file work25.pdb (PDB, C-alpha atoms)
ATOM      1  CA  MET A 385      -4.537 -20.484  11.666
ATOM      2  CA  SER A 386      -7.259 -17.820  11.910
ATOM      3  CA  LYS A 387      -5.239 -15.649   9.495
ATOM      4  CA  SER A 388      -5.246 -18.380   6.867
ATOM      5  CA  ARG A 389      -8.969 -18.958   7.460
ATOM      6  CA  GLY A 390      -9.504 -15.226   6.874
ATOM      7  CA  MET A 391      -7.561 -15.387   3.619
ATOM      8  CA  THR A 392      -9.588 -18.403   2.494
ATOM      9  CA  ALA A 393     -12.783 -16.481   3.198
ATOM     10  CA  PHE A 394     -11.399 -13.471   1.305
ATOM     11  CA  ILE A 395     -10.552 -15.643  -1.709
ATOM     12  CA  LEU A 396     -14.008 -17.233  -1.553
ATOM     13  CA  SER A 397     -15.505 -13.711  -1.553
ATOM     14  CA  LEU A 398     -13.493 -12.805  -4.638
ATOM     15  CA  SER A 399     -14.754 -15.984  -6.319
ATOM     16  CA  PHE A 400     -18.315 -14.941  -5.404
ATOM     17  CA  ILE A 401     -17.789 -11.543  -7.067
ATOM     18  CA  THR A 402     -16.289 -13.183 -10.159
ATOM     19  CA  LEU A 403     -19.291 -15.504 -10.405
ATOM     20  CA  THR A 404     -21.648 -12.517 -10.134
ATOM     21  CA  ILE A 405     -19.831 -10.746 -12.982
ATOM     22  CA  ALA A 406     -19.869 -13.922 -15.060
ATOM     23  CA  ALA A 407     -23.592 -14.303 -14.410
ATOM     24  CA  CYS A 408     -24.197 -10.707 -15.542
ATOM     25  CA  ASP A 409     -22.248 -11.445 -18.715
ATOM     26  CA  THR A 410     -24.125 -14.643 -19.488
ATOM     27  CA  GLN A 411     -27.430 -12.923 -18.876
ATOM     28  CA  SER A 412     -26.692 -10.056 -21.226
ATOM     29  CA  ASP A 413     -25.509 -12.529 -23.905
ATOM     30  CA  ARG A 414     -28.781 -14.427 -23.521
ATOM     31  CA  HIS A 415     -30.765 -11.177 -23.666
ATOM     32  CA  ASN A 416     -29.069 -10.226 -26.908
ATOM     33  CA  GLY A 417     -30.663 -13.344 -28.349
ATOM     34  CA  GLY A 418     -27.838 -14.148 -30.699
ATOM     35  CA  VAL A 419     -28.126 -10.937 -32.696
ATOM     36  CA  ALA A 420     -24.944 -10.775 -34.726
ATOM     37  CA  HIS A 421     -22.867  -7.660 -34.135
ATOM     38  CA  SER A 422     -20.808  -6.817 -37.128
ATOM     39  CA  PRO A 423     -18.186  -4.205 -36.334
ATOM     40  CA  THR A 424     -18.752  -2.604 -39.698
ATOM     41  CA  ALA A 425     -22.525  -2.695 -39.595
ATOM     42  CA  THR A 426     -24.261   0.517 -40.574
ATOM     43  CA  MET A 427     -27.687   1.682 -39.553
ATOM     44  CA  THR A 428     -29.613   1.284 -42.796
ATOM     45  CA  PRO A 429     -33.376   1.085 -42.522
ATOM     46  CA  ALA A 430     -33.468  -1.819 -44.994
ATOM     47  CA  ALA A 431     -31.152  -3.860 -42.774
ATOM     48  CA  SER A 432     -33.429  -3.536 -39.777
ATOM     49  CA  PRO A 433     -36.603  -5.609 -39.759
ATOM     50  CA  ILE A 434     -38.126  -3.507 -37.033
ATOM     51  CA  VAL A 435     -41.804  -4.343 -37.296
ATOM     52  CA  SER A 436     -42.976  -7.874 -36.676
ATOM     53  CA  PRO A 437     -46.542  -8.623 -37.761
ATOM     54  CA  THR A 438     -46.982 -11.445 -35.247
ATOM     55  CA  VAL A 439     -46.387  -9.390 -32.099
ATOM     56  CA  ASN A 440     -48.493  -6.596 -30.693
ATOM     57  CA  PRO A 441     -45.510  -4.535 -29.544
ATOM     58  CA  ALA A 442     -47.572  -1.849 -27.814
ATOM     59  CA  LEU A 443     -48.588  -4.417 -25.222
ATOM     60  CA  THR A 444     -45.027  -4.949 -24.078
ATOM     61  CA  LEU A 445     -43.757  -1.375 -24.069
ATOM     62  CA  SER A 446     -42.432  -0.521 -20.605
ATOM     63  CA  PRO A 447     -41.663   2.959 -19.190
ATOM     64  CA  PHE A 448     -37.984   2.030 -19.567
ATOM     65  CA  ASP A 449     -38.525   1.362 -23.292
ATOM     66  CA  LYS A 450     -40.334   4.685 -23.737
ATOM     67  CA  GLY A 451     -37.641   6.533 -21.804
ATOM     68  CA  PHE A 452     -34.924   4.925 -23.884
ATOM     69  CA  MET A 453     -36.664   5.813 -27.151
ATOM     70  CA  THR A 454     -37.189   9.428 -26.055
ATOM     71  CA  ASP A 455     -33.569   9.820 -24.902
ATOM     72  CA  ALA A 456     -32.267   8.133 -28.059
ATOM     73  CA  ALA A 457     -34.340  10.464 -30.261
ATOM     74  CA  ARG A 458     -33.217  13.552 -28.361
ATOM     75  CA  GLY A 459     -29.578  12.416 -28.454
ATOM     76  CA  GLY A 460     -29.866  11.657 -32.170
ATOM     77  CA  LEU A 461     -31.139  15.162 -32.947
ATOM     78  CA  MET A 462     -28.189  16.659 -31.136
ATOM     79  CA  GLU A 463     -25.605  14.350 -32.741
ATOM     80  CA  VAL A 464     -26.908  15.185 -36.224
ATOM     81  CA  GLN A 465     -26.853  18.924 -35.562
ATOM     82  CA  LEU A 466     -23.365  18.856 -34.033
ATOM     83  CA  GLY A 467     -22.111  16.487 -36.747
ATOM     84  CA  ASN A 468     -23.270  18.867 -39.480
ATOM     85  CA  MET A 469     -21.699  21.762 -37.615
ATOM     86  CA  ALA A 470     -18.391  19.867 -37.384
ATOM     87  CA  ALA A 471     -18.540  18.979 -41.089
ATOM     88  CA  ARG A 472     -18.877  22.711 -41.839
ATOM     89  CA  SER A 473     -16.749  24.375 -39.182
ATOM     90  CA  ALA A 474     -13.971  21.967 -38.198
ATOM     91  CA  THR A 475     -10.461  22.806 -39.335
ATOM     92  CA  ASN A 476      -9.083  19.286 -39.067
ATOM     93  CA  ASN A 477     -10.115  16.993 -41.949
ATOM     94  CA  GLU A 478     -10.515  13.955 -39.719
ATOM     95  CA  VAL A 479     -12.889  15.888 -37.479
ATOM     96  CA  LYS A 480     -14.856  17.015 -40.566
ATOM     97  CA  ARG A 481     -15.120  13.415 -41.833
ATOM     98  CA  PHE A 482     -16.078  12.182 -38.370
ATOM     99  CA  GLY A 483     -18.782  14.847 -38.117
ATOM    100  CA  GLN A 484     -20.185  13.840 -41.509
ATOM    101  CA  ARG A 485     -20.177  10.153 -40.581
ATOM    102  CA  VAL A 486     -21.878  10.819 -37.236
ATOM    103  CA  ALA A 487     -24.530  13.024 -38.863
ATOM    104  CA  THR A 488     -25.269  10.413 -41.558
ATOM    105  CA  ASP A 489     -25.384   7.410 -39.200
ATOM    106  CA  HIS A 490     -27.506   9.164 -36.598
ATOM    107  CA  SER A 491     -29.923  10.461 -39.273
ATOM    108  CA  GLN A 492     -30.440   6.871 -40.419
ATOM    109  CA  ALA A 493     -30.856   5.626 -36.861
ATOM    110  CA  SER A 494     -33.327   8.423 -36.102
ATOM    111  CA  GLN A 495     -35.349   7.485 -39.169
ATOM    112  CA  ILE A 496     -35.589   3.860 -37.988
ATOM    113  CA  LEU A 497     -36.430   4.999 -34.473
ATOM    114  CA  ARG A 498     -39.212   7.297 -35.713
ATOM    115  CA  GLN A 499     -40.723   4.474 -37.773
ATOM    116  CA  LEU A 500     -40.632   2.269 -34.694
ATOM    117  CA  ALA A 501     -42.148   5.013 -32.537
ATOM    118  CA  SER A 502     -45.027   5.562 -34.922
ATOM    119  CA  THR A 503     -45.759   1.812 -34.888
ATOM    120  CA  LEU A 504     -45.703   1.808 -31.105
ATOM    121  CA  ASN A 505     -47.624   5.094 -30.732
ATOM    122  CA  VAL A 506     -44.799   6.802 -28.890
ATOM    123  CA  THR A 507     -44.359  10.548 -29.345
ATOM    124  CA  LEU A 508     -40.721  11.492 -29.780
ATOM    125  CA  PRO A 509     -39.199  14.971 -29.366
ATOM    126  CA  GLN A 510     -38.913  16.841 -32.659
ATOM    127  CA  GLU A 511     -36.448  19.494 -31.581
ATOM    128  CA  LEU A 512     -33.609  20.121 -29.148
ATOM    129  CA  ASP A 513     -34.380  20.939 -25.528
ATOM    130  CA  PRO A 514     -33.037  24.191 -23.975
ATOM    131  CA  GLU A 515     -29.966  22.478 -22.488
ATOM    132  CA  GLN A 516     -29.061  21.000 -25.846
ATOM    133  CA  ARG A 517     -29.531  24.375 -27.524
ATOM    134  CA  ASN A 518     -27.118  25.869 -24.968
ATOM    135  CA  VAL A 519     -24.507  23.277 -25.853
ATOM    136  CA  VAL A 520     -24.971  23.902 -29.577
ATOM    137  CA  SER A 521     -24.648  27.666 -29.174
ATOM    138  CA  ARG A 522     -21.592  27.209 -26.940
ATOM    139  CA  LEU A 523     -19.915  25.189 -29.700
ATOM    140  CA  GLN A 524     -21.019  27.675 -32.352
ATOM    141  CA  ASN A 525     -19.030  30.357 -30.570
ATOM    142  CA  LEU A 526     -15.814  28.356 -30.893
ATOM    143  CA  THR A 527     -13.573  28.348 -33.932
ATOM    144  CA  GLY A 528     -10.479  26.591 -35.274
ATOM    145  CA  LYS A 529      -8.601  24.090 -33.170
ATOM    146  CA  GLU A 530     -10.563  25.051 -30.092
ATOM    147  CA  PHE A 531     -13.767  23.921 -31.791
ATOM    148  CA  ASP A 532     -12.186  20.650 -32.972
ATOM    149  CA  ARG A 533     -10.917  19.736 -29.521
ATOM    150  CA  GLU A 534     -14.114  20.692 -27.699
ATOM    151  CA  TYR A 535     -16.276  18.810 -30.199
ATOM    152  CA  MET A 536     -14.158  15.655 -30.031
ATOM    153  CA  LYS A 537     -14.050  15.703 -26.247
ATOM    154  CA  MET A 538     -17.818  16.033 -26.184
ATOM    155  CA  MET A 539     -18.187  13.167 -28.674
ATOM    156  CA  VAL A 540     -16.020  10.834 -26.549
ATOM    157  CA  ASN A 541     -18.103  11.507 -23.432
ATOM    158  CA  ASP A 542     -21.415  11.464 -25.270
ATOM    159  CA  HIS A 543     -20.721   8.174 -27.062
ATOM    160  CA  THR A 544     -19.413   6.565 -23.852
ATOM    161  CA  LYS A 545     -22.797   7.277 -22.310
ATOM    162  CA  ASP A 546     -24.657   6.293 -25.512
ATOM    163  CA  VAL A 547     -22.937   2.901 -25.674
ATOM    164  CA  SER A 548     -23.805   2.248 -22.036
ATOM    165  CA  GLU A 549     -27.463   3.218 -22.544
ATOM    166  CA  TYR A 550     -27.846   1.157 -25.724
ATOM    167  CA  GLU A 551     -26.166  -1.861 -24.080
ATOM    168  CA  ARG A 552     -28.634  -1.588 -21.245
ATOM    169  CA  ALA A 553     -31.562  -1.282 -23.644
ATOM    170  CA  ALA A 554     -30.277  -4.207 -25.718
ATOM    171  CA  SER A 555     -30.419  -6.410 -22.656
ATOM    172  CA  GLN A 556     -33.252  -4.935 -20.594
ATOM    173  CA  ALA A 557     -35.856  -3.493 -22.959
ATOM    174  CA  THR A 558     -39.180  -5.293 -22.685
ATOM    175  CA  ASN A 559     -40.230  -4.745 -26.259
ATOM    176  CA  PRO A 560     -38.393  -7.033 -28.717
ATOM    177  CA  GLU A 561     -38.358  -4.376 -31.444
ATOM    178  CA  VAL A 562     -36.825  -1.779 -29.131
ATOM    179  CA  LYS A 563     -34.277  -4.372 -28.029
ATOM    180  CA  LEU A 564     -33.467  -5.173 -31.649
ATOM    181  CA  PHE A 565     -33.093  -1.492 -32.529
ATOM    182  CA  ALA A 566     -30.681  -1.012 -29.615
ATOM    183  CA  SER A 567     -28.584  -4.074 -30.409
ATOM    184  CA  GLN A 568     -28.402  -3.253 -34.133
ATOM    185  CA  THR A 569     -27.325   0.326 -33.454
ATOM    186  CA  LEU A 570     -24.677  -0.602 -30.885
ATOM    187  CA  PRO A 571     -21.868  -1.653 -33.288
ATOM    188  CA  THR A 572     -22.068   1.728 -35.045
ATOM    189  CA  LEU A 573     -21.982   3.611 -31.744
ATOM    190  CA  ARG A 574     -18.955   1.578 -30.625
ATOM    191  CA  ASP A 575     -17.325   2.434 -33.935
ATOM    192  CA  HIS A 576     -18.046   6.140 -33.376
ATOM    193  CA  LEU A 577     -16.621   5.947 -29.866
ATOM    194  CA  LYS A 578     -13.423   4.299 -31.066
ATOM    195  CA  MET A 579     -13.016   6.851 -33.872
ATOM    196  CA  ALA A 580     -13.742   9.735 -31.491
ATOM    197  CA  ARG A 581     -11.122   8.508 -29.008
ATOM    198  CA  ASP A 582      -8.506   8.053 -31.740
ATOM    199  CA  ILE A 583      -9.081  11.509 -33.202
ATOM    200  CA  ALA A 584      -9.227  13.136 -29.759
ATOM    201  CA  VAL A 585      -5.866  11.597 -28.840
ATOM    202  CA  LYS A 586      -4.371  12.803 -32.140
ATOM    203  CA  LEU A 587      -5.614  16.315 -31.372
ATOM    204  CA  GLY A 588      -3.960  16.156 -27.970
ATOM    205  CA  VAL A 589      -7.215  16.168 -26.048
ATOM    206  CA  LYS A 590      -6.553  14.985 -22.533
ATOM    207  CA  LEU A 591      -8.787  11.983 -21.862
ATOM    208  CA  PRO A 592      -8.895  10.037 -18.614
ATOM    209  CA  GLN A 593      -6.786   6.865 -19.028
ATOM    210  CA  SER A 594      -9.543   4.257 -19.141
ATOM    211  CA  GLN A 595     -11.484   6.239 -21.766
TER     212      GLN A 595
ATOM    213  CA  MET B1242     -17.916  -1.168 -17.739
ATOM    214  CA  GLU B1243     -21.651  -1.639 -18.154
ATOM    215  CA  ARG B1244     -21.531  -5.197 -16.756
ATOM    216  CA  HIS B1245     -19.325  -4.134 -13.820
ATOM    217  CA  ILE B1246     -21.815  -1.423 -12.791
ATOM    218  CA  ARG B1247     -24.580  -4.004 -13.071
ATOM    219  CA  ALA B1248     -22.569  -6.538 -11.050
ATOM    220  CA  VAL B1249     -21.874  -3.985  -8.291
ATOM    221  CA  GLY B1250     -25.572  -3.083  -8.216
ATOM    222  CA  ILE B1251     -26.563  -6.743  -7.855
ATOM    223  CA  LEU B1252     -23.908  -7.354  -5.169
ATOM    224  CA  TYR B1253     -25.141  -4.347  -3.173
ATOM    225  CA  ILE B1254     -28.731  -5.538  -3.339
ATOM    226  CA  ALA B1255     -27.739  -9.105  -2.371
ATOM    227  CA  LEU B1256     -25.596  -7.925   0.556
ATOM    228  CA  GLY B1257     -28.288  -5.457   1.604
ATOM    229  CA  ALA B1258     -30.913  -8.208   1.589
ATOM    230  CA  LEU B1259     -28.664 -10.500   3.660
ATOM    231  CA  GLY B1260     -27.905  -7.690   6.128
ATOM    232  CA  ALA B1261     -31.580  -6.769   6.435
ATOM    233  CA  LEU B1262     -32.417 -10.411   7.101
ATOM    234  CA  ALA B1263     -29.736 -10.588   9.802
ATOM    235  CA  ALA B1264     -31.035  -7.359  11.383
ATOM    236  CA  LEU B1265     -34.607  -8.651  11.418
ATOM    237  CA  MET B1266     -33.462 -11.936  12.984
ATOM    238  CA  LEU B1267     -31.667  -9.971  15.678
ATOM    239  CA  PHE B1268     -34.789  -7.886  16.338
ATOM    240  CA  LEU B1269     -36.776 -11.107  16.554
ATOM    241  CA  VAL B1270     -34.325 -12.682  19.010
ATOM    242  CA  ILE B1271     -34.533  -9.570  21.214
ATOM    243  CA  ALA B1272     -38.326  -9.443  20.963
ATOM    244  CA  ILE B1273     -38.944 -13.051  21.960
ATOM    245  CA  GLY B1274     -36.375 -12.878  24.742
ATOM    246  CA  LEU B1275     -34.063 -15.731  23.858
ATOM    247  CA  LEU B1276     -31.300 -13.916  25.702
ATOM    248  CA  PRO B1277     -29.912 -14.775  29.159
ATOM    249  CA  ALA B1278     -32.420 -14.705  32.004
ATOM    250  CA  ASP B1279     -30.379 -12.327  34.196
ATOM    251  CA  ARG B1280     -32.411  -9.111  34.281
ATOM    252  CA  ASN B1281     -29.463  -6.703  34.003
ATOM    253  CA  ALA B1282     -27.899  -8.736  31.252
ATOM    254  CA  VAL B1283     -31.189  -8.809  29.360
ATOM    255  CA  GLU B1284     -31.536  -5.031  29.672
ATOM    256  CA  VAL B1285     -27.997  -4.294  28.454
ATOM    257  CA  THR B1286     -28.164  -6.869  25.686
ATOM    258  CA  THR B1287     -31.552  -5.602  24.554
ATOM    259  CA  ILE B1288     -30.331  -2.015  24.260
ATOM    260  CA  ALA B1289     -27.047  -2.974  22.575
ATOM    261  CA  GLY B1290     -28.783  -5.520  20.339
ATOM    262  CA  THR B1291     -31.421  -3.010  19.261
ATOM    263  CA  VAL B1292     -28.786  -0.410  18.401
ATOM    264  CA  VAL B1293     -26.702  -2.946  16.441
ATOM    265  CA  ALA B1294     -29.775  -4.280  14.633
ATOM    266  CA  ALA B1295     -30.974  -0.747  13.796
ATOM    267  CA  VAL B1296     -27.564   0.280  12.419
ATOM    268  CA  LEU B1297     -27.335  -2.972  10.445
ATOM    269  CA  LEU B1298     -30.848  -2.456   9.058
ATOM    270  CA  LEU B1299     -30.122   1.153   8.032
ATOM    271  CA  HIS B1300     -26.861   0.103   6.381
ATOM    272  CA  SER B1301     -28.642  -2.712   4.553
ATOM    273  CA  ILE B1302     -31.412  -0.400   3.331
ATOM    274  CA  ALA B1303     -28.776   2.058   2.097
ATOM    275  CA  ASN B1304     -27.068  -0.837   0.262
ATOM    276  CA  ILE B1305     -30.321  -1.863  -1.407
ATOM    277  CA  ILE B1306     -31.117   1.744  -2.407
ATOM    278  CA  GLY B1307     -27.568   2.207  -3.746
ATOM    279  CA  GLY B1308     -27.794  -1.079  -5.671
ATOM    280  CA  ILE B1309     -31.128  -0.164  -7.248
ATOM    281  CA  GLY B1310     -29.786   3.317  -8.089
ATOM    282  CA  LEU B1311     -26.781   1.773  -9.843
ATOM    283  CA  LEU B1312     -28.949  -0.648 -11.805
ATOM    284  CA  GLN B1313     -31.099   2.305 -12.911
ATOM    285  CA  ARG B1314     -27.988   4.411 -13.675
ATOM    286  CA  ARG B1315     -29.022   7.209 -11.304
ATOM    287  CA  ALA B1316     -26.467   9.995 -10.851
ATOM    288  CA  TRP B1317     -26.975  10.086  -7.054
ATOM    289  CA  ALA B1318     -26.151   6.382  -6.768
ATOM    290  CA  ARG B1319     -22.428   6.859  -7.424
ATOM    291  CA  PRO B1320     -21.498   8.983  -4.369
ATOM    292  CA  LEU B1321     -23.742   6.826  -2.159
ATOM    293  CA  ALA B1322     -22.192   3.621  -3.504
ATOM    294  CA  ILE B1323     -18.642   4.991  -3.052
ATOM    295  CA  PHE B1324     -19.422   5.877   0.579
ATOM    296  CA  LEU B1325     -20.903   2.421   1.200
ATOM    297  CA  ALA B1326     -17.928   0.746  -0.512
ATOM    298  CA  ALA B1327     -15.499   2.631   1.746
ATOM    299  CA  LEU B1328     -17.491   1.488   4.786
ATOM    300  CA  SER B1329     -17.642  -2.097   3.633
ATOM    301  CA  LEU B1330     -13.827  -2.248   3.291
ATOM    302  CA  LEU B1331     -13.786  -2.654   7.085
ATOM    303  CA  ASN B1332     -16.017  -5.703   6.918
ATOM    304  CA  PHE B1333     -13.428  -8.431   6.208
ATOM    305  CA  PRO B1334     -13.562 -10.644   4.173
ATOM    306  CA  LEU B1335     -16.707 -10.418   2.005
ATOM    307  CA  GLY B1336     -17.242  -6.690   2.571
ATOM    308  CA  THR B1337     -13.570  -5.930   1.846
ATOM    309  CA  ALA B1338     -13.650  -7.864  -1.418
ATOM    310  CA  VAL B1339     -16.905  -6.241  -2.514
ATOM    311  CA  GLY B1340     -15.629  -2.816  -1.403
ATOM    312  CA  ILE B1341     -12.419  -3.130  -3.444
ATOM    313  CA  TYR B1342     -14.325  -4.274  -6.509
ATOM    314  CA  ALA B1343     -16.979  -1.550  -6.092
ATOM    315  CA  LEU B1344     -14.361   1.202  -5.669
ATOM    316  CA  TRP B1345     -12.436  -0.063  -8.710
ATOM    317  CA  THR B1346     -15.638   0.126 -10.766
ATOM    318  CA  LEU B1347     -17.059   3.371  -9.386
ATOM    319  CA  LEU B1348     -13.859   5.424  -9.540
ATOM    320  CA  LYS B1349     -13.232   4.716 -13.237
ATOM    321  CA  PRO B1350     -13.692   7.875 -15.370
ATOM    322  CA  GLU B1351     -15.915   5.875 -17.717
ATOM    323  CA  THR B1352     -18.294   5.036 -14.844
ATOM    324  CA  ARG B1353     -18.364   8.713 -13.933
ATOM    325  CA  VAL B1354     -19.497   9.573 -17.468
ATOM    326  CA  ILE B1355     -22.031   6.725 -17.605
ATOM    327  CA  LEU B1356     -23.660   7.724 -14.318
ATOM    328  CA  ALA B1357     -23.550  11.490 -14.873
ATOM    329  CA  PRO B1358     -26.653  13.341 -16.118
ATOM    330  CA  ARG B1359     -26.437  14.114 -19.855
ATOM    331  CA  PRO B1360     -25.951  17.916 -19.491
ATOM    332  CA  ASN B1361     -22.929  17.288 -17.246
ATOM    333  CA  VAL B1362     -21.518  14.947 -19.881
ATOM    334  CA  TRP B1363     -21.831  17.693 -22.503
ATOM    335  CA  ALA B1364     -20.199  20.131 -20.114
ATOM    336  CA  HIS B1365     -17.322  17.634 -19.665
ATOM    337  CA  LEU B1366     -18.416  16.949 -16.085
ATOM    338  CA  HIS B1367     -17.327  20.339 -14.751
TER     339      HIS B1367
END
call {"tool": "encode", "arguments": {"input": "work25.pdb", "output": "C-alpha cells"}}
result
Amino acid sequence: MSKSRGMTAFILSLSFITLTIAACDTQSDRHNGGVAHSPTATMTPAASPIVSPTVNPALTLSPFDKGFMTDAARGGLMEVQLGNMAARSATNNEVKRFGQRVATDHSQASQILRQLASTLNVTLPQELDPEQRNVVSRLQNLTGKEFDREYMKMMVNDHTKDVSEYERAASQATNPEVKLFASQTLPTLRDHLKMARDIAVKLGVKLPQSQ
Amino acid sequence: MERHIRAVGILYIALGALGALAALMLFLVIAIGLLPADRNAVEVTTIAGTVVAAVLLLHSIANIIGGIGLLQRRAWARPLAIFLAALSLLNFPLGTAVGIYALWTLLKPETRVILAPRPNVWAHLH
C-alpha cells in the first residue's frame, strides 16, 4: 500500500518536472515574439531592421545585454579570423568551404552588431584578447589533416556554446533590438553547428554522442 | 539542452525555497516552544530540531545558489548542481525524480560545453 503510494508520488513528481520543462518552453516561445526562424536565413544587414525609431533602446539595456553584445563581438572576431585561416590552410575542401561560409556570415553579423552597438552607445572589443590570440597561434602551428580536425572540433564546441548563448539572449535580453539580433542570428548559427558536426564526423573527429 | 538547463535551475530554486521555508518553520516551532512540555524531551528535541533545521537550511541555500548559477550559466554551478542532484536522489520521491532529471541534463557533453568557460571550450575542455 505504502509502496504504491510512493510510486504515485514519484509519478506526480515526474509530472511536475515535465510541467516545469513545458513552462520553460512556452516562455521562451513567448519571448521570441513570433520571430520567424528560417533555416536558410542569412545574416544580411538589409534583412535586419535593427533600429526602431519609436523606442529609446539605451533605456532598456541591461548588464546582461551589454555582456552578450561584448561576448558576441569578441566571438565574431575570432570566428572570422579562424574561418579565413581555414579557407587558406585547410586541406579538405569541405573544411575550406565551411571556413569561408563562417567567415562571411560572422562578418555580416559583426557588422549588424556594431551598428546596433553604436546606436546603443556600447563599446565593443576591436581585437582578439590574449586567450583568443593563443588559440589562433596554436592553430597556425598545425598543418594538413591535423589542422582540419582540430579546427572542426573547435567549431563544434564553439558553436554549441554560441547557440546556447544566443538562445538565452533571444529569450532573456531586455532590449528588443538585442533580442531581435540574437533571434535573427540563431538560425545561421544552428546551420553552422549542423555543418560543423557533419564535417567533423566525416573527418573522423571523435565527438561525444549527444553532440 | 538550453531549456533543460533552465528547467533544472528553476527546479533547484523552487525546491531550495520550499526547503528554506520548511527550515524556517522548524526554527520557529522550536523558538516558540510548541514541543512537548517534558523538560528533557524539550531539550533533546530542541537540539535535534535545530541541527535538522540548520542542515535543511544550508542544503536549501546551496540549492538556490546552484539554481541561480545554472540560470546564469556559471561554470562553477555544474559541479555544485551534480553534487546536489546526487544528494537529492536519496530524497524519494520528489528529490529522486528531480535528481535523475538533473543528472541526465548535467552529465550530457553538450551541457558541459555550454557551462564551460570559453577558453576551455577552445581547448576542447582539457
call {"tool": "atom_distance", "arguments": {"input": "work25.pdb", "atom1": "CA of Thr503 in chain A", "atom2": "CA of Leu461 in chain A"}}
result
19.9 Å
call {"tool": "residues_around", "arguments": {"input": "work25.pdb", "residues": "range 513-522 of chain A", "least_positions_apart": "2", "cutoff": "10 Å", "atoms": "all atoms listed in the file", "output": "number ranges by chain"}}
result
A: 458-459, 461-462, 465-466, 469, 509-511, 524-526, 531, 534, 538; B: 1359-1360, 1363-1364
call {"tool": "atom_distance", "arguments": {"input": "work25.pdb", "atom1": "CA of Ala470 in chain A", "atom2": "CA of Gly483 in chain A"}}
result
5.1 Å
call {"tool": "closest_residue", "arguments": {"input": "work25.pdb", "among": "B:Ala1289, B:Ala1261, B:Ile1271, B:Val1362", "to": "Pro1350 in chain B", "atoms": "all atoms listed in the file"}}
result
B:Val1362
call {"tool": "residues_around", "arguments": {"input": "work25.pdb", "residues": "Leu1321 in chain B", "least_positions_apart": "3", "cutoff": "9 Å", "atoms": "all atoms listed in the file", "output": "VMD selection string"}}
result
chain B and resid 1303 to 1304 1306 to 1307 1317 to 1318 1324 to 1326
call {"tool": "interface_residues", "arguments": {"input": "work25.pdb", "of": "chain B", "to": "chain A", "cutoff": "8 Å", "atoms": "only C-alpha atoms", "output": "list in words"}}
result
Glu1243, Arg1244, His1245, Arg1247, Ala1248, Ile1251, Leu1252, Phe1333, Pro1334, Leu1335, Thr1337, Ala1338, Val1339, Lys1349, Pro1350, Glu1351, Val1354, Ile1355, Arg1359, Pro1360, Val1362, Trp1363, Ala1364 and His1365 of chain B
call {"tool": "atom_distance", "arguments": {"input": "work25.pdb", "atom1": "CA of Thr1291 in chain B", "atom2": "CA of Phe1268 in chain B"}}
result
6.6 Å
call {"tool": "residues_around", "arguments": {"input": "work25.pdb", "residues": "Ser1301 in chain B", "least_positions_apart": "3", "cutoff": "10 Å", "atoms": "all atoms listed in the file", "output": "PyMOL selection string"}}
result
chain B and resi 1253-1264+1295-1298+1304-1307+1325
call {"tool": "residues_around", "arguments": {"input": "work25.pdb", "residues": "Asp582 in chain A", "least_positions_apart": "2", "cutoff": "12 Å", "atoms": "all atoms listed in the file", "output": "JSON, numbers by chain"}}
result
{"A": [478, 479, 482, 536, 537, 539, 540, 575, 576, 577, 578, 579, 580, 584, 585, 586, 587, 588, 589, 590, 591, 595]}
call {"tool": "closest_residue", "arguments": {"input": "work25.pdb", "among": "A:Asn476, A:Ser446, A:Thr527, A:Thr488", "to": "Thr572 in chain A", "atoms": "only C-alpha atoms"}}
result
A:Thr488
call {"tool": "residues_around", "arguments": {"input": "work25.pdb", "residues": "Ala501 in chain A", "least_positions_apart": "4", "cutoff": "12 Å", "atoms": "only C-alpha atoms", "output": "MDAnalysis selection string"}}
result
chainID A and resid 434:435 441:442 445 449:454 456:457 494:497 505:509 559 561:562 565
call {"tool": "residues_near_point", "arguments": {"input": "work25.pdb", "point": "(-18.6, 0.6, -13.2)", "cutoff": "6 Å", "atoms": "only C-alpha atoms", "output": "list in words"}}
result
Met1242, His1245, Ile1246, Thr1346, Leu1347 and Thr1352 of chain B
